[in-house]
Structure formats: C-alpha cells, structure tokens
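Asker: Contents of target.tsv (TSV, C-alpha atoms) are given next:
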chain	number	residue	atom	x	y	z
A	1097	MET	CA	15.76	-26.82	-5.04
A	1098	ASN	CA	17.77	-26.30	-1.86
A	1099	GLY	CA	17.43	-23.71	0.87
A	1100	ARG	CA	14.90	-23.03	3.58
A	1101	VAL	CA	12.45	-20.13	3.48
A	1102	LEU	CA	11.53	-18.62	6.83
A	1103	HIS	CA	8.34	-16.53	6.97
A	1104	VAL	CA	7.87	-14.01	9.78
A	1105	VAL	CA	4.32	-12.93	10.68
A	1106	GLY	CA	3.10	-11.03	13.69
A	1107	THR	CA	-0.25	-9.32	13.05
A	1108	ARG	CA	-3.54	-10.21	11.40
A	1109	PRO	CA	-2.75	-8.37	8.12
A	1110	ASN	CA	0.49	-10.38	7.94
A	1111	PHE	CA	-1.47	-13.63	8.19
A	1112	VAL	CA	-3.81	-12.64	5.36
A	1113	LYS	CA	-0.86	-11.69	3.10
A	1114	ALA	CA	1.25	-14.73	3.98
A	1115	ALA	CA	-1.38	-17.41	3.45
A	1116	PRO	CA	-1.28	-17.51	-0.39
A	1117	VAL	CA	2.52	-17.23	-0.48
A	1118	VAL	CA	3.00	-20.10	1.97
A	1119	ALA	CA	0.47	-22.20	0.03
A	1120	ALA	CA	2.13	-21.54	-3.34
A	1121	LEU	CA	5.62	-22.29	-2.05
A	1122	GLY	CA	4.27	-25.47	-0.45
A	1123	MET	CA	2.91	-26.57	-3.81
A	1124	ALA	CA	6.39	-25.97	-5.24
A	1125	GLY	CA	7.91	-28.29	-2.66
A	1126	CYS	CA	9.75	-25.58	-0.78
A	1127	ASP	CA	11.18	-26.22	2.70
A	1128	GLN	CA	9.40	-23.61	4.85
A	1129	VAL	CA	9.35	-22.44	8.45
A	1130	LEU	CA	6.62	-20.15	9.82
A	1131	VAL	CA	7.53	-17.94	12.78
A	1132	HIS	CA	4.78	-16.05	14.61
A	1133	THR	CA	6.22	-13.24	16.71
A	1134	GLY	CA	3.11	-12.88	18.85
A	1135	GLN	CA	2.79	-9.16	18.17
A	1136	HIS	CA	-0.96	-9.87	17.93
A	1137	TYR	CA	-1.52	-12.45	20.64
A	1138	ASP	CA	-5.26	-12.30	21.41
A	1139	THR	CA	-7.01	-15.44	20.09
A	1140	ARG	CA	-9.43	-13.26	18.10
A	1141	MET	CA	-6.52	-11.39	16.55
A	1142	SER	CA	-4.30	-14.41	15.90
A	1143	ASP	CA	-5.32	-18.07	16.38
A	1144	VAL	CA	-8.63	-17.79	14.55
A	1145	PHE	CA	-6.85	-16.40	11.50
A	1146	PHE	CA	-4.60	-19.45	11.22
A	1147	ARG	CA	-7.65	-21.72	11.36
A	1148	GLN	CA	-9.70	-19.78	8.84
A	1149	LEU	CA	-6.93	-19.05	6.33
A	1150	GLY	CA	-5.53	-22.57	6.21
A	1151	LEU	CA	-2.11	-21.42	7.39
A	1152	PRO	CA	-0.04	-24.17	8.99
A	1153	ARG	CA	0.45	-23.86	12.72
A	1154	PRO	CA	3.56	-21.75	13.38
A	1155	ASP	CA	6.74	-23.72	13.89
A	1156	THR	CA	7.60	-21.14	16.56
A	1157	ASP	CA	5.51	-18.63	18.50
A	1158	LEU	CA	7.83	-16.10	20.08
A	1159	GLY	CA	5.09	-14.61	22.26
A	1160	VAL	CA	6.59	-11.13	22.27
A	1161	GLY	CA	3.30	-9.32	22.91
A	1162	SER	CA	2.72	-5.59	23.20
A	1163	GLY	CA	4.78	-2.68	24.47
A	1164	SER	CA	6.22	0.60	23.30
A	1165	HIS	CA	7.66	0.66	19.79
A	1166	ALA	CA	11.21	0.65	21.15
A	1167	ARG	CA	10.63	-2.11	23.70
A	1168	GLN	CA	8.64	-4.30	21.31
A	1169	THR	CA	11.17	-3.93	18.47
A	1170	ALA	CA	14.06	-4.67	20.83
A	1171	ASP	CA	12.36	-7.81	22.16
A	1172	LEU	CA	11.60	-8.91	18.61
A	1173	LEU	CA	15.22	-8.42	17.52
A	1174	VAL	CA	16.56	-10.58	20.33
A	1175	ALA	CA	14.01	-13.35	19.83
A	1176	LEU	CA	14.28	-13.40	16.04
A	1177	ASP	CA	18.06	-13.39	16.07
A	1178	ALA	CA	18.04	-16.56	18.16
A	1179	GLU	CA	15.46	-18.14	15.83
A	1180	LEU	CA	17.54	-17.35	12.74
A	1181	ALA	CA	20.60	-18.89	14.35
A	1182	VAL	CA	18.74	-22.15	14.92
A	1183	ARG	CA	16.78	-22.31	11.65
A	1184	ALA	CA	19.56	-21.11	9.29
A	1185	PRO	CA	17.25	-20.09	6.42
A	1186	ALA	CA	18.44	-19.23	2.93
A	1187	LEU	CA	15.78	-16.48	2.71
A	1188	VAL	CA	13.59	-14.60	5.18
A	1189	VAL	CA	10.20	-13.41	3.89
A	1190	VAL	CA	8.55	-10.49	5.67
A	1191	TYR	CA	5.14	-8.92	5.10
A	1192	GLY	CA	3.80	-5.40	5.33
A	1193	ASP	CA	5.13	-2.72	7.64
A	1194	VAL	CA	4.65	-3.65	11.30
A	1195	ASN	CA	7.37	-3.83	13.96
A	1196	SER	CA	7.75	-7.58	13.40
A	1197	THR	CA	8.54	-6.85	9.74
A	1198	LEU	CA	11.30	-4.38	10.57
A	1199	ALA	CA	12.81	-6.48	13.34
A	1200	ALA	CA	12.94	-9.59	11.14
A	1201	ALA	CA	14.56	-7.71	8.25
A	1202	LEU	CA	17.15	-6.11	10.53
A	1203	ALA	CA	17.96	-9.35	12.37
A	1204	ALA	CA	18.37	-11.18	9.05
A	1205	ALA	CA	20.56	-8.42	7.59
A	1206	LYS	CA	22.87	-8.56	10.62
A	1207	ARG	CA	23.32	-12.28	9.96
A	1208	ASP	CA	23.81	-11.73	6.23
A	1209	ILE	CA	20.62	-13.61	5.39
A	1210	PRO	CA	18.75	-12.23	2.34
A	1211	VAL	CA	15.29	-10.77	2.88
A	1212	ALA	CA	12.22	-10.71	0.61
A	1213	HIS	CA	9.68	-7.96	1.31
A	1214	VAL	CA	6.09	-8.62	0.31
A	1215	GLU	CA	4.29	-5.29	-0.15
A	1216	ALA	CA	7.42	-3.30	-0.95
A	1217	GLY	CA	7.39	0.28	-2.18
A	1218	LEU	CA	4.26	1.58	-0.47
A	1219	ARG	CA	4.73	5.17	0.66
A	1220	SER	CA	2.47	7.59	2.53
A	1221	PHE	CA	5.29	10.18	2.77
A	1222	ASP	CA	4.18	10.76	6.36
A	1223	MET	CA	7.14	10.00	8.60
A	1224	THR	CA	5.04	10.47	11.74
A	1225	MET	CA	3.52	7.06	10.95
A	1226	PRO	CA	5.57	4.23	12.53
A	1227	GLU	CA	4.61	2.05	9.57
A	1228	GLU	CA	6.17	4.50	7.10
A	1229	VAL	CA	9.47	4.35	8.98
A	1230	ASN	CA	9.33	0.55	9.02
A	1231	ARG	CA	8.52	0.08	5.34
A	1232	ARG	CA	11.23	2.47	4.15
A	1233	LEU	CA	13.91	0.76	6.22
A	1234	VAL	CA	12.82	-2.74	5.23
A	1235	ASP	CA	12.98	-1.85	1.54
A	1236	GLN	CA	16.56	-0.66	2.00
A	1237	LEU	CA	17.50	-4.02	3.51
A	1238	ALA	CA	15.59	-6.36	1.18
A	1239	GLU	CA	17.13	-8.48	-1.57
A	1240	LEU	CA	13.78	-9.18	-3.26
A	1241	LEU	CA	11.11	-6.48	-3.48
A	1242	PHE	CA	7.54	-7.61	-4.25
A	1243	ALA	CA	5.26	-4.68	-5.13
A	1244	THR	CA	1.47	-4.68	-5.19
A	1245	SER	CA	0.96	-1.70	-7.52
A	1246	PRO	CA	2.71	0.25	-10.28
A	1247	GLU	CA	3.27	3.38	-8.18
A	1248	ALA	CA	5.14	1.26	-5.62
A	1249	ILE	CA	7.54	0.24	-8.39
A	1250	GLY	CA	8.03	3.94	-9.14
A	1251	HIS	CA	8.80	4.79	-5.52
A	1252	LEU	CA	11.42	2.03	-5.34
A	1253	ALA	CA	13.04	3.17	-8.58
A	1254	ARG	CA	13.32	6.74	-7.33
A	1255	GLU	CA	14.96	5.45	-4.15
A	1256	GLY	CA	17.59	3.60	-6.15
A	1257	ALA	CA	16.32	0.02	-5.92
A	1258	ASP	CA	17.79	-2.34	-8.49
A	1259	PRO	CA	15.09	-3.08	-11.11
A	1260	ALA	CA	16.40	-6.65	-11.33
A	1261	ARG	CA	15.32	-7.17	-7.71
A	1262	THR	CA	11.92	-5.50	-8.04
A	1263	TYR	CA	8.78	-7.37	-9.11
A	1264	LEU	CA	5.20	-6.24	-9.68
A	1265	VAL	CA	3.31	-9.31	-8.48
A	1266	GLY	CA	-0.15	-8.11	-7.47
A	1267	ASN	CA	-1.67	-8.23	-4.01
A	1268	PRO	CA	-1.62	-11.42	-1.91
A	1269	MET	CA	-4.22	-9.93	0.44
A	1270	ILE	CA	-6.60	-9.95	-2.52
A	1271	ASP	CA	-5.66	-13.57	-3.24
A	1272	THR	CA	-7.01	-14.44	0.19
A	1273	LEU	CA	-10.15	-12.36	-0.29
A	1274	LEU	CA	-11.00	-13.97	-3.63
A	1275	THR	CA	-10.29	-17.46	-2.28
A	1276	HIS	CA	-12.78	-17.00	0.56
A	1277	LEU	CA	-15.30	-14.77	-1.21
A	1278	ASP	CA	-18.09	-17.38	-1.22
A	1279	LEU	CA	-17.83	-17.68	2.57
A	1280	PHE	CA	-18.62	-14.02	3.24
A	1281	ASP	CA	-22.27	-13.94	4.36
A	1282	PRO	CA	-23.60	-10.42	5.05
A	1283	ALA	CA	-27.11	-11.63	5.93
A	1284	ALA	CA	-25.76	-13.92	8.65
A	1285	ALA	CA	-23.56	-11.12	9.95
A	1286	ARG	CA	-26.52	-8.72	10.18
A	1287	THR	CA	-28.50	-11.30	12.12
A	1288	THR	CA	-25.64	-12.11	14.48
A	1289	TYR	CA	-25.02	-8.49	15.41
A	1290	GLU	CA	-28.67	-7.37	15.19
A	1291	LEU	CA	-28.01	-4.78	12.51
A	1292	PRO	CA	-30.47	-3.06	10.17
A	1293	GLU	CA	-30.47	-3.74	6.44
A	1294	ARG	CA	-28.21	-0.74	5.87
A	1295	TYR	CA	-25.23	-0.29	8.19
A	1296	GLY	CA	-21.61	0.82	8.20
A	1297	VAL	CA	-18.42	-0.78	9.49
A	1298	VAL	CA	-15.74	1.15	11.39
A	1299	THR	CA	-12.15	0.15	12.13
A	1300	LEU	CA	-9.75	2.56	13.83
A	1301	HIS	CA	-6.35	1.73	15.27
A	1302	ARG	CA	-3.81	4.32	14.00
A	1303	PRO	CA	-1.99	6.25	16.75
A	1304	ALA	CA	-3.16	9.55	15.25
A	1305	ASN	CA	-6.78	8.53	15.82
A	1306	VAL	CA	-6.77	6.52	19.05
A	1307	ASP	CA	-3.60	6.82	21.14
A	1308	ASP	CA	-4.08	10.30	22.49
A	1309	PRO	CA	-7.26	10.85	24.56
A	1310	GLN	CA	-7.94	14.13	22.75
A	1311	ALA	CA	-7.68	12.40	19.35
A	1312	ALA	CA	-9.93	9.60	20.58
A	1313	ARG	CA	-12.52	12.14	21.73
A	1314	ALA	CA	-12.46	13.76	18.29
A	1315	ALA	CA	-12.93	10.37	16.65
A	1316	ALA	CA	-15.77	9.51	19.04
A	1317	ARG	CA	-17.55	12.81	18.30
A	1318	THR	CA	-17.23	12.27	14.56
A	1319	LEU	CA	-18.53	8.70	14.74
A	1320	THR	CA	-21.38	9.71	17.04
A	1321	GLU	CA	-22.50	12.25	14.46
A	1322	ALA	CA	-22.05	9.73	11.62
A	1323	ALA	CA	-24.21	7.20	13.49
A	1324	ARG	CA	-27.16	9.59	13.17
A	1325	ALA	CA	-27.08	8.86	9.43
A	1326	LEU	CA	-26.13	5.18	9.55
A	1327	ASP	CA	-25.89	2.50	12.22
A	1328	LEU	CA	-22.20	1.72	12.75
A	1329	VAL	CA	-20.72	-1.57	13.90
A	1330	VAL	CA	-17.25	-1.16	15.41
A	1331	PRO	CA	-15.07	-4.23	16.04
A	1332	LEU	CA	-12.74	-2.71	18.62
A	1333	HIS	CA	-9.04	-3.31	18.03
A	1334	PRO	CA	-7.17	-3.74	21.34
A	1335	ARG	CA	-5.28	-0.59	20.41
A	1336	GLY	CA	-7.73	2.19	21.09
A	1337	ARG	CA	-10.28	0.17	23.07
A	1338	GLU	CA	-9.69	2.02	26.34
A	1339	THR	CA	-9.41	5.51	24.85
A	1340	LEU	CA	-12.51	5.15	22.68
A	1341	HIS	CA	-14.52	3.75	25.57
A	1342	ALA	CA	-13.31	6.60	27.78
A	1343	ALA	CA	-14.31	9.06	25.04
A	1344	GLY	CA	-17.91	7.87	25.30
A	1345	LEU	CA	-18.23	5.99	22.03
A	1346	ALA	CA	-19.96	3.05	23.72
A	1347	ALA	CA	-22.88	5.25	24.79
A	1348	ALA	CA	-23.52	6.76	21.35
A	1349	PRO	CA	-26.91	5.86	19.82
A	1350	GLY	CA	-26.54	3.79	16.66
A	1351	VAL	CA	-23.00	2.64	17.52
A	1352	HIS	CA	-22.58	-1.11	18.03
A	1353	LEU	CA	-19.27	-1.90	19.73
A	1354	ILE	CA	-18.18	-5.53	19.38
A	1355	GLU	CA	-15.06	-7.57	20.05
A	1356	PRO	CA	-12.42	-8.23	17.35
A	1357	LEU	CA	-13.59	-10.68	14.69
A	1358	GLY	CA	-12.12	-13.52	12.70
A	1359	TYR	CA	-11.39	-12.98	9.02
A	1360	ILE	CA	-14.59	-14.57	7.67
A	1361	GLU	CA	-16.83	-12.77	10.16
A	1362	PHE	CA	-15.23	-9.38	9.57
A	1363	MET	CA	-15.24	-9.64	5.79
A	1364	SER	CA	-18.88	-10.75	5.88
A	1365	LEU	CA	-19.72	-7.48	7.62
A	1366	VAL	CA	-17.63	-5.46	5.17
A	1367	ARG	CA	-19.14	-7.10	2.11
A	1368	GLY	CA	-22.65	-6.14	3.19
A	1369	ALA	CA	-21.84	-2.62	4.40
A	1370	ALA	CA	-23.29	0.53	2.85
A	1371	ALA	CA	-19.98	2.20	3.73
A	1372	VAL	CA	-16.79	1.55	5.65
A	1373	ILE	CA	-14.96	4.10	7.80
A	1374	THR	CA	-11.37	3.12	8.49
A	1375	ASP	CA	-7.76	4.11	8.98
A	1376	SER	CA	-6.49	0.68	7.92
A	1377	GLY	CA	-4.43	0.13	4.79
A	1378	GLY	CA	-5.69	-3.39	4.16
A	1379	VAL	CA	-9.35	-2.43	4.48
A	1380	GLN	CA	-8.84	0.22	1.80
A	1381	GLU	CA	-7.69	-2.58	-0.53
A	1382	GLU	CA	-10.43	-5.05	0.38
A	1383	THR	CA	-13.23	-2.52	-0.11
A	1384	THR	CA	-11.75	-1.57	-3.48
A	1385	VAL	CA	-12.20	-5.12	-4.76
A	1386	LEU	CA	-15.59	-5.62	-3.09
A	1387	GLY	CA	-16.93	-2.33	-4.46
A	1388	VAL	CA	-17.85	-1.04	-1.00
A	1389	PRO	CA	-17.51	2.74	-0.47
A	1390	CYS	CA	-14.61	3.44	1.87
A	1391	LEU	CA	-13.97	6.65	3.79
A	1392	THR	CA	-10.43	6.67	5.15
A	1393	LEU	CA	-9.98	8.89	8.18
A	1394	ARG	CA	-6.47	9.99	7.26
A	1395	THR	CA	-4.82	12.80	5.31
A	1396	THR	CA	-2.49	10.45	3.40
A	1397	THR	CA	-2.53	6.91	2.10
A	1398	GLU	CA	0.28	4.61	1.03
A	1399	ARG	CA	-2.28	2.92	-1.21
A	1400	PRO	CA	-3.35	5.64	-3.68
A	1401	VAL	CA	-4.34	2.92	-6.15
A	1402	THR	CA	-7.43	2.40	-3.97
A	1403	VAL	CA	-8.44	5.99	-4.74
A	1404	THR	CA	-7.64	5.97	-8.46
A	1405	HIS	CA	-8.85	2.42	-9.18
A	1406	GLY	CA	-11.30	1.82	-6.37
A	1407	THR	CA	-13.89	3.11	-3.97
A	1408	ASN	CA	-11.67	4.85	-1.42
A	1409	ARG	CA	-11.74	8.50	-0.40
A	1410	LEU	CA	-9.53	10.28	2.16
A	1411	VAL	CA	-11.48	12.43	4.62
A	1412	THR	CA	-10.80	14.59	7.65
A	1413	HIS	CA	-13.03	14.59	10.73
A	1414	THR	CA	-15.00	17.57	9.41
A	1415	GLU	CA	-15.39	15.99	5.95
A	1416	LEU	CA	-16.45	12.53	7.09
A	1417	VAL	CA	-20.15	13.04	7.81
A	1418	PRO	CA	-20.92	15.05	4.63
A	1419	ALA	CA	-18.98	12.45	2.61
A	1420	LEU	CA	-20.92	9.64	4.28
A	1421	CYS	CA	-24.26	11.28	3.56
A	1422	LYS	CA	-23.29	11.80	-0.08
A	1423	THR	CA	-22.25	8.15	-0.32
A	1424	LEU	CA	-25.54	6.98	1.14
A	1425	ASP	CA	-27.55	9.22	-1.19
A	1426	ALA	CA	-25.67	7.84	-4.20
A	1427	GLY	CA	-26.52	4.25	-3.28
A	1428	PRO	CA	-24.58	1.10	-4.24
A	1429	SER	CA	-22.47	0.97	-7.36
A	1430	ALA	CA	-20.77	-1.79	-9.29
A	1431	PRO	CA	-17.17	-2.58	-8.25
A	1432	ALA	CA	-14.62	-0.61	-10.24
A	1433	GLU	CA	-12.14	-2.42	-12.43
A	1434	GLY	CA	-9.48	-3.53	-9.99
A	1435	PRO	CA	-5.84	-2.47	-9.96
A	1436	PRO	CA	-3.41	-4.34	-12.24
A	1437	LEU	CA	-2.74	-7.97	-11.25
A	1438	TRP	CA	-5.16	-7.98	-8.33
A	1439	ASP	CA	-6.44	-11.24	-9.76
A	1440	GLY	CA	-5.80	-13.84	-7.05
A	1441	ARG	CA	-2.44	-15.00	-8.45
A	1442	ALA	CA	0.03	-12.87	-6.48
A	1443	GLY	CA	1.08	-15.78	-4.25
A	1444	VAL	CA	1.88	-17.89	-7.29
A	1445	ARG	CA	3.96	-15.09	-8.84
A	1446	ILE	CA	5.90	-14.57	-5.62
A	1447	ALA	CA	6.54	-18.30	-5.28
A	1448	ARG	CA	7.81	-18.45	-8.86
A	1449	VAL	CA	10.38	-15.71	-8.19
A	1450	VAL	CA	11.43	-17.18	-4.84
A	1451	THR	CA	11.95	-20.70	-6.19
A	1452	ARG	CA	13.96	-19.36	-9.11
A	1453	TRP	CA	16.06	-17.27	-6.71
A	1454	LEU	CA	16.70	-20.29	-4.49
A	1455	GLU	CA	17.85	-22.37	-7.45
A	1456	HIS	CA	20.49	-19.77	-8.24
A	1457	HIS	CA	21.63	-19.22	-4.65
A	1458	ASP	CA	22.34	-22.74	-3.43
Is it possible to express this structure as structure tokens?

Answerer:
Amino acid sequence: MNGRVLHVVGTRPNFVKAAPVVAALGMAGCDQVLVHTGQHYDTRMSDVFFRQLGLPRPDTDLGVGSGSHARQTADLLVALDAELAVRAPALVVVYGDVNSTLAAALAAAKRDIPVAHVEAGLRSFDMTMPEEVNRRLVDQLAELLFATSPEAIGHLAREGADPARTYLVGNPMIDTLLTHLDLFDPAAARTTYELPERYGVVTLHRPANVDDPQAARAAARTLTEAARALDLVVPLHPRGRETLHAAGLAAAPGVHLIEPLGYIEFMSLVRGAAAVITDSGGVQEETTVLGVPCLTLRTTTERPVTVTHGTNRLVTHTELVPALCKTLDAGPSAPAEGPPLWDGRAGVRIARVVTRWLEHHD
C-alpha cells in the first residue's frame, strides 16, 4: 500500500474522534502524519488529550491559536497549505466541523489532494451556527464521506453526494469512550471536586449561549435557578469564561466552576452525573451511550439520533429547569439501545475503506 495519510486535528473533539482512526490505520501499516493546528492550545484542552488517548505526538503543531472566524481560518489556510506542500499526502483526513476542518479541506482541494471527512452528513439546518457552515462546505469538497448515523447518509444523498463515496461507519468518538470506559471513576471525581452524591455537569461554549453578554446573562440566570435543584459542576471552556464570570455565575450557590478537564476526568464526572446540561454535540453522543440524561440548551441538533435512540432532549432556557426537575424525579434509567454501529469499531471500518482507497489510487 502506497500513499501517505495526513490527519488534521485542532480541537479536543477532533482528538477524541481521530484516536481510533489513527490507531486502526497504524495497525494496517499506513504511512501517517498528524498535524495539530493549535486551534485549542491550552494544555488542558490539548496536550493532556494526546497523553490520555494514546495519540502519537503531532508531527507538526502549527500553533495558530484563537481569533475571529475569518482571521483564524485565514491563518489556518496559509499554514496548512505550506504543510501540504512539504508532506505531499495522498489523502487528507479531517474530523468534525471546526475551523481547522474547513481550512484543511479547502487547502487540500486547492492542491487537488483528496479529502476524507469523518462525521460527514450531520445537519442542524441552522446556518447561524459556524459549525453548520463548515460541515456543509467540507462535505462538498470531500472524496470520502464517513457518516456516523443513518440520517446523515440521507442528508448527503439529498445533497447529491455519490453513494459510492459515502459510508456508514459508526461513531469513532464512541470507540474512544468504550475503550476507556473502565477508567471513568465517578466516585473519585466527586471526591476531587467535593460534590454531593447527586450532581449535574454543565458545558457551554456555543456563540449563541456565551459570546454575547446578554446571552451569557440569560444562561447564568438559568443555571443559577437549576442549581437550586441540583449542584452543578461547570468545567469552563475558554470560550465563554469571561462572559459567564461577568454574568455572575461564579457567585451562584450550588454552582462549582472548575478549569477545563482532561478526557478521563471529564468523562468520569459525566458518567456519575444525575443529568448533563450542554450545548455540545459530542456530549450529546457520549451521554446517549452512557445512559445519562442530557438536556441540550439549543433549539436544533445535528445529532437527532441522540434524541430518538438516546437520552437527549432539546430545551430552551424557560424549559430547562422544569425538564431538569422531571429528570431528577424520574431517577436513573438503563441506557437505551445505542444507535446503529456505535459499537467501538468505527475506526476499524474507516481504516478498511481508506486502505482500500489507497490501493486503488497509487
């Protein structure tokens, strides 16, 4: 098998999705290069994930850092174009829907290098979300489309994607979860963060919830009210830290603000939670498999399979507290039967398609 595969990652969800794919391609003897764009550059958002997930150290760290969407994407394009010129890969693999994903796909397309998109076909149909713009454009550019759920296949078909290039492979994020499941220790997490037996976990980072001070104040009011029913531990994403602090969330009784966590530490908290409040796509998926009730503070989701096959429910600010109280009254339930192919083998399926593609595109 000839041809180099270049993986582009930039944020913590990318690392979780890439780990099983990189491992499976390594087992197949594939020549691989791992490029970290540095979109998440804080040690707690980046370095610790490489250590915990067993990802090889990046061959290149572009160190792009933060900035406006336009500035960050422009910097990524320039840096990735230079990297592609030096590395000359046969295939570029991108993950998810962040700015690093779009920039890598666009830079590769301009150099006529084929792209594989892991997590293709997800759609929220909300074009105010930067991630929705990114994922739609990447799918138009990609040669290989790897979908995590049946409805994603349907979205791609309606948009004219070639069925011969589209593959339902399962969810590599769930591969990582199942691989590390025995390491998730809720009791240790409760002790570390001095939490009661029953607690909730909150993650918020979407622009609609944290960028604007008025939106952050609304989120802080909602979470303050929710904390009257359940102690809430909030690992603060760098995005939103200042606005949520300014909105008074730190002073709310029952709210425990902590720094960003590594993968094992965060998932230990989630596994033991009575409920999770989030606006994250990945957390919706992880709670589905763990059987943890999830209240997603959004009006849309690109992962409806977490609602139909899992524990997820979309809520507005006014709906959140009543929904949380109802969840707490109902008590724990057994995990639902997971979505199709969320069985820990997505990385292997992706590697099988990639190696076959490489053999036919020497």

Asker: Which residues come within 8 Å of range 1443-1447 of chain A, counting all atoms listed in the file, excluding same-chain residues fewer than 4 positions away, as number ranges by chain?

Answerer: A: 1116-1121, 1124, 1242, 1265, 1268, 1271, 1451

Asker: Within 12 Å of Ala1348 in chain A, counting all atoms listed in the file, which residues show up once you throw out same-chain ones fewer than 3 positions away? Write them as an MDAnalysis selection string, please.

Answerer: chainID A and resid 1316:1324 1327:1330 1340:1341 1343:1345 1351:1353

Asker: Which residues are close to Asn1230 in chain A, i.e. within 9 Å by only C-alpha atoms, leaving aside same-chain residues fewer than 2 positions away? Reply as a list in words.

Answerer: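 Selected residues are Gly1192, Asp1193, Val1194, Asn1195, Thr1197, Leu1198, Ala1199, Met1225, Pro1226, Glu1227, Glu1228, Arg1232, Leu1233, Val1234 and Asp1235 of chain A.
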
Asker: Given only C-alpha atoms as the basis, pick out the residue of A:Leu1173, A:Ala1304, A:Leu1180, A:Ala1284 nearest to Thr1224 in chain A.

Answerer: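 Answer, going by the shortest atom-to-atom distance: A:Ala1304.
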
Asker: Counting all atoms listed in the file, which residue out of A:Arg1448, A:Pro1400, A:Pro1389, A:Asn1305 sits closest to Met1123 in chain A?

Answerer: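 The answer is A:Arg1448, which sits nearest to Met1123 in chain A.
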
Asker: Build an axis-aligned box that encloses every atom of range 1217-1223 of chain A listed in the file, pad it by 5 Å on each side, and report its centre and edge lengths in Å to one decimal, as JSON.

Answerer:
{"center_x": 4.9, "center_y": 5.5, "center_z": 3.2, "size_x": 14.9, "size_y": 20.5, "size_z": 20.8}

Asker: Considering only C-alpha atoms, return as a PyMOL selection string whatever protein or nucleic-acid residues lie within 12 Å of Thr1288 in chain A, sequence-local ones (same chain, fewer than 3 positions apart) excluded.

Answerer: chain A and resi 1281-1285+1291-1292+1329+1352+1354+1361-1362+1364-1365

Asker: Given the choices A:Leu1416, A:Val1188, A:Val1182, A:Val1297, which gets closest to His1213 in chain A if the distance is worked out from all atoms listed in the file?

Answerer: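 Of all the options, A:Val1188 lies closest to His1213 in chain A.
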
Asker: In Å, how far is it from CA of Arg1183 in chain A to CA of Pro1152 in chain A?

Answerer: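 About the pair CA of Arg1183 in chain A and CA of Pro1152 in chain A: they are 17.1 Å apart.
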
Asker: With all atoms listed in the file as the counted atoms, please give the residues lying no more than 9 Å from range 1244-1253 of chain A, apart from itself and same-chain residues fewer than 2 positions off, as a PyMOL selection string.

Answerer: chain A and resi 1214-1219+1235+1241-1242+1255-1259+1262-1268+1398-1401+1435-1438+1442

Asker: Please produce an output containing C-alpha atoms for each residue in the selection, written as a short mmCIF file (atom, residue, chain, number, x, y, z; two decimals), in the coordinates of the input.

Answerer:
data_model
loop_
_atom_site.label_atom_id
_atom_site.label_comp_id
_atom_site.auth_asym_id
_atom_site.auth_seq_id
_atom_site.Cartn_x
_atom_site.Cartn_y
_atom_site.Cartn_z
CA VAL A 1214 6.09 -8.62 0.31
CA GLU A 1215 4.29 -5.29 -0.15
CA ALA A 1216 7.42 -3.30 -0.95
CA GLY A 1217 7.39 0.28 -2.18
CA LEU A 1218 4.26 1.58 -0.47
CA ARG A 1219 4.73 5.17 0.66
CA ASP A 1235 12.98 -1.85 1.54
CA LEU A 1241 11.11 -6.48 -3.48
CA PHE A 1242 7.54 -7.61 -4.25
CA GLU A 1255 14.96 5.45 -4.15
CA GLY A 1256 17.59 3.60 -6.15
CA ALA A 1257 16.32 0.02 -5.92
CA ASP A 1258 17.79 -2.34 -8.49
CA PRO A 1259 15.09 -3.08 -11.11
CA THR A 1262 11.92 -5.50 -8.04
CA TYR A 1263 8.78 -7.37 -9.11
CA LEU A 1264 5.20 -6.24 -9.68
CA VAL A 1265 3.31 -9.31 -8.48
CA GLY A 1266 -0.15 -8.11 -7.47
CA ASN A 1267 -1.67 -8.23 -4.01
CA PRO A 1268 -1.62 -11.42 -1.91
CA GLU A 1398 0.28 4.61 1.03
CA ARG A 1399 -2.28 2.92 -1.21
CA PRO A 1400 -3.35 5.64 -3.68
CA VAL A 1401 -4.34 2.92 -6.15
CA PRO A 1435 -5.84 -2.47 -9.96
CA PRO A 1436 -3.41 -4.34 -12.24
CA LEU A 1437 -2.74 -7.97 -11.25
CA TRP A 1438 -5.16 -7.98 -8.33
CA ALA A 1442 0.03 -12.87 -6.48
#

Asker: What is the distance, in Å and to one decimal place, between CA of Val1450 in chain A and CA of Phe1221 in chain A?

Answerer: 29.1 Å

Asker: Expressed in Å to a single decimal, how great is the separation between CA of Met1363 in chain A and CA of Ala1114 in chain A?

Answerer: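 Between CA of Met1363 in chain A and CA of Ala1114 in chain A the gap is 17.4 Å.
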
Asker: From the set A:Ile1209, A:Ala1347, A:Met1269, A:Leu1357, which residue has the shortest atom-to-atom contact distance to Val1385 in chain A, counting all atoms listed in the file?

Answerer: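 Distance minimum relative to Val1385 in chain A lands on A:Met1269.
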